[in-house]
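Worksheet: the structure to be examined is printed underneath.
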Amino acid sequence: MSLKILIVDDEVHLRTLLHQTLEELEDEGVELHVATNGEEALAAIQTLQPNLVFLDVMMPKLSGFDVCERTKKVLGLSNVYIVLLTAKGQEFDRQRGIEAGADLYMTKPFDPDSLLMKARDVLGI
Amino acid sequence: MARISLKQIVGAQNGLRPVVAALERAFGGAVAVEDTAGASLLGTANGGERFAVVHDGKELGWVSGPQGAEAVADLLRFLADKESERKALGSEVLHLYREVNLIYSFSEKLAALLDLERVAQLTLQEARHLIVATDGAILLLDDETGALTAAAAFGDELPGLSGFKRGTGIAGTVAATGVGEIVNDVMGDPRRINAVVDVRSLVCAPLKVGEQVIGVMMLASTLPMAYEARELKLLNTLALQTATAIENARLFERTVQAGHERERLLALNKEAEVARAGYERELELAATIQADLFPAQLPAVAGYDLAARNRPARRCGGDYYDAIPAGTGGGASVLLCVADVSGKGLPASLLMSHMQATLRALLGRTASLQDLAGHAHDLLHGSTADNKYVTAALLELTPATGRASYVSAGHINSLVVKRNGDVVLLGSTGAPLGLLPPGLPYETTMVDLEAGDCLILCSDGVPDAQNESDDEFGESRLTAIVRDARNEPSAEIVSRVFDAIDQFAGTAPQFDDITLMVLRRLQD
């Protein structure tokens with residue numbers, strides 16, 4: 001079964017950037033999927049069971065924390081590696097992220113090379 | 001950039017299936033799409049005519065179906081082109097994002113640096129993240145000489161080069177104009193100053209603070225490379241920050257240096273203070289020692305009243321007085337002396353103590369007062385520099401008779417104010433001690449002191465005392481005061497003369513050492 005990455009962000013330019021950064025993985029058989037809000041994200045997670053999720057924290061209605069918590073604790077999908085993306089200066093959220101069960105915390109603006117390297121690391125490719 | 005694949009296009013476009021389904025109904029036949037490997041992407045291969053989906057000169061796959069199915073192939077080709085455009089845009093966006101990130105992180109790292117070389121090194125390091133280069137350098141301009149010197153450099157070619165100067169060569173031109181340049185054919189550029197260099201292309205941006213150029217930054221390649229406008233733009237953006245950081249580093253360094261200089265001067269000042277305090281103490285000590293050389297108490301001479309006072313102009317003085325019971329030719333007598341050393345202050349006082357020792361050593365060892373003077377002169381001449389000498393007034397008195405012999409080695413007049421008010425002047429009887437070659441004789445003047453007579457020995461500090469108008473106190477003023485007070489106690493006469501001098505001098509500071517000795521023969 002192919003490896004799957006889910007990108008979740010309510011801002012289109014960030015979705016584009018994240019997609020673009022991870023694009024070369026598509027040639028290696030990885031599927032890139034996108035969700036534009038928390039509800040879509042939860043649905044996609046349940047359906048796709050992605051290996052890796054890049055999850056923006058600041059989203060209207062359902063925040064990244066909520067999605068993370070529900071995925072890990074309610075749905076019990078502990079195999080889904082969740083990376084929370086937050087704006088710089090909001091590092092106090094780090095603690096909340098840990099409580100929500102996130103696997104990693106990254107600040108925006110993100111370094112594309114580091115992000116790609118992390119993805120390869122998590123996916124084992 | 002990822003390849004366009006038909007699978008992606010067909011799969012991604014969820015709205016495609018209904019459209020194809022509608023077209024199938026329109027064509028009246030099934031449409032199938034397969035990729036170049038033959039894998040089915042949509043529908044099943046139905047043996048109908050195959051139409052290629054060609055994008056960017058390559059076949060992505062096949063569409064098979066009835067006659068109209070070609071339109072589906074065209075549609076897919078259109079979608080492939082659009083996908084290609086989207087990817088290109090995405091790639092561009094990512095590149096811009098990287099640039100923004102770089103500038104952001106560069107800014108952060110730069111803010112932490114105050115060392116000029118590290119700023120330059122960091123700049124080149126960061127620039128290389130986004131601009132491909134084999135060589136690079138940051139050159140700083142010396143405004144006076146126009147020379148451009150490297151603050152940091154990397155690569156095989158650039159670090160070894162020198163001779164960059166404002167106005168010559170490519171870097172020099174950028175430094176002169178303040179406008180960045182891209183030169184993709186360095187070998188063919190007529191401005192090239194270094195002939196045997198392997199650099200093929202370079203991009204160079206000026207480092208400016210306001211409108212002033214402080215240097216240039218350049219990245220170059222020894223491999224074929226075409227630098228573009230976007231790279232010069234990025235370099236210019238980095239250069240802006242670097243220039244400011246370099247200025248800051250320089251200002252910081254100047255501040256640090258000024259601080260060090262201040263510390264150094266403060267330390268020197270402190271040292272000087274300590275030395276000065278040391279000298280002060282030594283001077284005090286010397287003054288104390290010298291004060292002790294003066295007779296602690298003047299001898300009591302039966303039938304006479306003797307008083308004396310010395311006041312040096314500085315801490316230590318060159319005047320001296322002495323009163324010693326003596327007898328050069330046998331018999332009870334008393335020797336009085338007032339002497340004045342050439343010069344003032346500590347050097348004079350050293351000589352004065354030497355004089356005192358010489359005099360006292362000779363006491364009792366010479367036949368007469370003039371022999372004493374002669375020997376003292378010889379000794380002083382032998383042991384002092386040519387320009388050092390002592391004037392002295394020596395008087396040896398036989399108290400019982402009032403008869404005295406007087407020898408003056410170049411000293412100012414001594415006075416005898418008689419009981420009736422007449423004044424007798426006692427002048428010089430020979431050269432100052434230590435001045436002329438040894439062996440010169442001294443003459444003796446005989447003096448008779450009668451009851452009521454007053455003898456004055458003093459140094460030239462008395463008549464030479466000046467006021468603010470540079471008038472001198474003079475011998476006549478001295479004479480007048482003594483004459484008026486000749487029946488007063490000797491100590492009183494001394495006080496009156498000193499008070500008169502101080503009053504005369506006013507605010508003028510004491511210029512010379514003042515010494516006064518008064519001997520009165522008491523009336524029966």
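Letters for chains follow the order of the structure tokens (A, B, ...), residue numbers begin at 1 for each chain, and ligand numbers begin at 1 in the order shown.
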
Would you give me, as a tab-separated table, each residue of chain A having an atom within 7 Å of an atom of chain B, along with its shortest atom pair and that distance in Å to one decimal, using only C-alpha atoms and sorting by chain and residue number?
residue	atom	partner	partner_atom	distance
A:Thr16	CA	B:Gly90	CA	6.3
A:Leu17	CA	B:Leu94	CA	5.6
A:Gln20	CA	B:Gly90	CA	5.8
A:Glu23	CA	B:Ala2	CA	6.5
A:Glu24	CA	B:Ala2	CA	5.6
A:Asp27	CA	B:Ala2	CA	6.2
A:Pro109	CA	B:Asn101	CA	6.7

Store the residues picked out above, limited to C-alpha atoms, as a PDB file, in the first residue's frame.
ATOM      1  CA  THR A  16       0.716  25.159  -2.053  1.00  0.00           C
ATOM      2  CA  LEU A  17       4.086  25.541  -0.351  1.00  0.00           C
ATOM      3  CA  GLN A  20       5.421  21.871  -3.494  1.00  0.00           C
ATOM      4  CA  GLU A  23       6.215  17.018  -4.389  1.00  0.00           C
ATOM      5  CA  GLU A  24       9.329  15.043  -5.259  1.00  0.00           C
ATOM      6  CA  ASP A  27       7.664  10.467  -7.970  1.00  0.00           C
ATOM      7  CA  PRO A 109       8.042  29.952   8.401  1.00  0.00           C
TER       8      PRO A 109
END

Identify, on the basis of only C-alpha atoms, every residue whose closest approach to B:Arg483 does not exceed 9 Å; exclude the query and any residue fewer than 6 positions from it along the same chain; express the result as a tab-separated table (two decimals) with N, CA and C atoms, in the first residue's frame.
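Ended up saving to around00.tsv:
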chain	number	residue	atom	x	y	z
B	417	VAL	N	73.73	98.10	62.41
B	417	VAL	CA	73.05	99.36	62.75
B	417	VAL	C	73.54	99.76	64.14
B	418	LYS	N	74.29	100.88	64.20
B	418	LYS	CA	74.88	101.30	65.46
B	418	LYS	C	73.81	101.81	66.40
B	419	ARG	N	74.21	101.96	67.64
B	419	ARG	CA	73.27	102.44	68.66
B	419	ARG	C	72.72	103.81	68.28
B	421	GLY	N	72.14	104.89	65.38
B	421	GLY	CA	71.34	104.88	64.15
B	421	GLY	C	72.17	104.85	62.88
B	422	ASP	N	73.48	105.05	62.99
B	422	ASP	CA	74.31	104.95	61.78
B	422	ASP	C	74.31	103.52	61.27
B	423	VAL	N	74.52	103.41	59.99
B	423	VAL	CA	74.54	102.06	59.38
B	423	VAL	C	75.89	101.79	58.76
B	454	CYS	N	73.41	96.52	66.42
B	454	CYS	CA	72.56	95.44	65.88
B	454	CYS	C	73.16	94.94	64.57

(request) Enumerate the residues of chain A with a DSSP assignment of strand (DSSP E), computed from the backbone, and present them as a ChimeraX atom specification. (result) /A:4-8,31-35,52-56,81-87,104-108

(request) Considering only C-alpha atoms, return as a PyMOL selection string whatever protein or nucleic-acid residues lie within 10 Å of A:Tyr81, sequence-local ones (same chain, fewer than 4 positions apart) excluded. (result) chain A and resi 5+50-54+68+72+77+101-104+119+122-123

Determine, counting only C-alpha atoms, which protein, DNA and RNA residues have an atom within 10 Å of an atom of stretch 15-32 of chain B; residues of the same chain fewer than 2 positions away are not included. Present the result as a PDB file with C-alpha atoms, in the first residue's frame.
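Here's the written file out39.pdb:
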ATOM      1  CA  ILE B   9      -4.459  14.073 -13.930  1.00  0.00           C
ATOM      2  CA  VAL B  10      -7.204  11.511 -14.296  1.00  0.00           C
ATOM      3  CA  GLY B  11      -7.239  10.701 -10.615  1.00  0.00           C
ATOM      4  CA  ALA B  12      -6.986  14.277  -9.400  1.00  0.00           C
ATOM      5  CA  GLN B  13      -9.744  15.612 -11.511  1.00  0.00           C
ATOM      6  CA  GLU B  34      -4.514   4.054 -20.252  1.00  0.00           C
ATOM      7  CA  SER B  40      -5.920   1.233 -17.218  1.00  0.00           C
ATOM      8  CA  LEU B  41      -6.727   4.602 -15.731  1.00  0.00           C
ATOM      9  CA  LEU B  42     -10.312   5.021 -16.749  1.00  0.00           C
ATOM     10  CA  GLY B  43     -12.698   2.536 -18.197  1.00  0.00           C
ATOM     11  CA  THR B  44     -11.408  -0.586 -19.915  1.00  0.00           C
ATOM     12  CA  ALA B  45      -9.516  -0.892 -23.172  1.00  0.00           C
ATOM     13  CA  ASN B  46     -12.084  -1.470 -25.782  1.00  0.00           C
ATOM     14  CA  GLY B  47     -10.114  -1.927 -28.957  1.00  0.00           C
ATOM     15  CA  GLY B  48     -11.359   1.336 -30.439  1.00  0.00           C
ATOM     16  CA  GLU B  49      -9.091   3.798 -32.133  1.00  0.00           C
ATOM     17  CA  ARG B  50      -6.256   5.019 -29.982  1.00  0.00           C
ATOM     18  CA  TRP B  62      -3.655   6.716 -24.761  1.00  0.00           C
ATOM     19  CA  VAL B  63      -7.305   7.335 -25.122  1.00  0.00           C
ATOM     20  CA  SER B  64      -9.280   4.729 -26.974  1.00  0.00           C
ATOM     21  CA  GLY B  65     -12.891   4.885 -28.088  1.00  0.00           C
ATOM     22  CA  PRO B  66     -15.225   5.988 -30.882  1.00  0.00           C
ATOM     23  CA  GLN B  67     -14.454   8.746 -33.331  1.00  0.00           C
ATOM     24  CA  GLY B  68     -15.056  11.655 -30.968  1.00  0.00           C
ATOM     25  CA  ALA B  69     -12.719  10.202 -28.369  1.00  0.00           C
ATOM     26  CA  GLU B  70      -9.912  12.329 -29.856  1.00  0.00           C
ATOM     27  CA  ALA B  71     -11.526  15.258 -28.132  1.00  0.00           C
ATOM     28  CA  VAL B  72     -10.951  13.523 -24.804  1.00  0.00           C
ATOM     29  CA  LEU B  75      -8.955  17.627 -23.146  1.00  0.00           C
ATOM     30  CA  LEU B  76      -6.421  15.536 -21.257  1.00  0.00           C
TER      31      LEU B  76
END

(request) Would you list the contacts of A:Arg94 as a list in words, taking every protein, DNA or RNA residue within 12 Å and counting only C-alpha atoms, but skipping same-chain residues closer than 6 positions in sequence? (result)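 So the residues in contact are Val57, Phe65, Val83, Leu84, Leu85, Thr86, Ala87, Lys88, Ala100, Gly101, Ala102, Asp103, Leu104, Tyr105, Met106 and Thr107 of chain A.
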
(request) Kindly give the distance, in Å, that separates atom CA of B:Gln466 and atom CA of B:Asp502, rounded to a single decimal. (result) 9.6 Å

(message) I'd like the neighbourhood of B:Pro325 as a PyMOL selection string, where a residue qualifies if any of its atoms comes within 8 Å (using only C-alpha atoms), though same-chain residues fewer than 6 positions away should be ignored.
(response) chain B and resi 299+332-335

(request) Determine which residues of chain A receive a DSSP assignment of alpha helix (DSSP H), computed from the backbone, and state them as a ChimeraX atom specification. (result) /A:12-22,24-27,38-48,64-69,93-100,112-123

I want to know what sits within 10 Å of A:Ala41, based on only C-alpha atoms, with residues of the same chain fewer than 6 positions away left out; could you give that as a short mmCIF file (atom, residue, chain, number, x, y, z; two decimals) with all heavy atoms, in the first residue's frame?
data_model
loop_
_atom_site.label_atom_id
_atom_site.label_comp_id
_atom_site.auth_asym_id
_atom_site.auth_seq_id
_atom_site.Cartn_x
_atom_site.Cartn_y
_atom_site.Cartn_z
N LEU A 6 -0.91 13.67 4.52
CA LEU A 6 -2.05 14.59 4.50
C LEU A 6 -1.57 15.97 4.91
O LEU A 6 -0.91 16.15 5.93
CB LEU A 6 -3.14 14.11 5.46
CG LEU A 6 -4.35 15.05 5.60
CD1 LEU A 6 -5.13 15.15 4.28
CD2 LEU A 6 -5.29 14.57 6.70
N ILE A 7 -1.88 16.97 4.06
CA ILE A 7 -1.54 18.36 4.36
C ILE A 7 -2.81 19.09 4.77
O ILE A 7 -3.79 19.07 4.02
CB ILE A 7 -0.93 19.05 3.13
CG1 ILE A 7 0.39 18.38 2.75
CG2 ILE A 7 -0.71 20.54 3.38
CD1 ILE A 7 0.88 18.75 1.36
N VAL A 8 -2.81 19.70 5.95
CA VAL A 8 -3.99 20.42 6.42
C VAL A 8 -3.63 21.87 6.76
O VAL A 8 -2.83 22.14 7.65
CB VAL A 8 -4.58 19.77 7.70
CG1 VAL A 8 -5.89 20.44 8.08
CG2 VAL A 8 -4.76 18.27 7.51
N ASP A 9 -4.21 22.81 6.02
CA ASP A 9 -4.03 24.24 6.33
C ASP A 9 -5.17 25.02 5.71
O ASP A 9 -5.57 24.72 4.58
CB ASP A 9 -2.68 24.73 5.80
CG ASP A 9 -2.23 25.99 6.53
OD1 ASP A 9 -3.01 26.98 6.61
OD2 ASP A 9 -1.09 26.00 7.03
N HIS A 33 -2.15 14.24 -0.06
CA HIS A 33 -3.55 14.64 0.03
C HIS A 33 -3.65 15.94 0.77
O HIS A 33 -2.78 16.28 1.58
CB HIS A 33 -4.37 13.55 0.74
CG HIS A 33 -4.38 12.26 -0.01
ND1 HIS A 33 -5.33 11.95 -0.96
CD2 HIS A 33 -3.51 11.21 0.03
CE1 HIS A 33 -5.08 10.73 -1.46
NE2 HIS A 33 -3.97 10.25 -0.87
N VAL A 34 -4.77 16.66 0.50
CA VAL A 34 -4.91 17.99 1.08
C VAL A 34 -6.28 18.14 1.72
O VAL A 34 -7.27 17.65 1.19
CB VAL A 34 -4.72 19.06 -0.03
CG1 VAL A 34 -5.00 20.44 0.51
CG2 VAL A 34 -3.33 18.99 -0.61
N ALA A 35 -6.33 18.82 2.88
CA ALA A 35 -7.61 19.18 3.51
C ALA A 35 -7.54 20.65 3.87
O ALA A 35 -6.47 21.16 4.22
CB ALA A 35 -7.83 18.34 4.75
N THR A 47 -10.55 8.08 6.57
CA THR A 47 -10.64 7.37 5.29
C THR A 47 -9.28 6.87 4.81
O THR A 47 -9.12 5.73 4.42
CB THR A 47 -11.22 8.29 4.21
OG1 THR A 47 -12.28 9.07 4.75
CG2 THR A 47 -11.69 7.50 3.00
N VAL A 53 0.87 13.40 8.89
CA VAL A 53 -0.03 14.54 8.72
C VAL A 53 0.70 15.83 9.10
O VAL A 53 1.29 15.91 10.19
CB VAL A 53 -1.29 14.40 9.60
CG1 VAL A 53 -2.22 15.60 9.39
CG2 VAL A 53 -2.03 13.11 9.32
N LEU A 55 -0.18 19.41 10.12
CA LEU A 55 -1.42 19.98 10.62
C LEU A 55 -1.21 21.40 11.13
O LEU A 55 -0.46 21.62 12.09
CB LEU A 55 -1.92 19.05 11.74
CG LEU A 55 -3.27 19.23 12.39
CD1 LEU A 55 -4.36 19.34 11.35
CD2 LEU A 55 -3.52 18.04 13.30
N LEU A 62 -12.51 24.10 14.07
CA LEU A 62 -11.78 22.99 14.69
C LEU A 62 -10.29 23.25 14.53
O LEU A 62 -9.78 23.27 13.43
CB LEU A 62 -12.18 21.68 13.98
CG LEU A 62 -12.21 20.39 14.78
CD1 LEU A 62 -13.13 20.52 15.99
CD2 LEU A 62 -12.68 19.25 13.90
N GLY A 64 -6.06 22.74 15.06
CA GLY A 64 -5.14 21.63 14.88
C GLY A 64 -5.04 20.78 16.14
O GLY A 64 -4.93 19.55 16.09
N VAL A 67 -8.02 18.39 16.26
CA VAL A 67 -7.86 17.31 15.28
C VAL A 67 -6.86 16.28 15.82
O VAL A 67 -7.10 15.07 15.78
CB VAL A 67 -7.38 17.84 13.93
CG1 VAL A 67 -7.09 16.70 12.96
CG2 VAL A 67 -8.40 18.79 13.32
N CYS A 68 -5.77 16.80 16.35
CA CYS A 68 -4.72 15.92 16.85
C CYS A 68 -5.23 15.06 17.99
O CYS A 68 -5.06 13.84 18.01
CB CYS A 68 -3.55 16.78 17.33
SG CYS A 68 -2.12 15.83 17.84
N THR A 71 -7.71 12.45 16.85
CA THR A 71 -7.06 11.38 16.09
C THR A 71 -6.37 10.41 17.03
O THR A 71 -6.51 9.20 16.93
CB THR A 71 -6.02 11.95 15.12
OG1 THR A 71 -6.65 12.91 14.29
CG2 THR A 71 -5.38 10.87 14.27
#
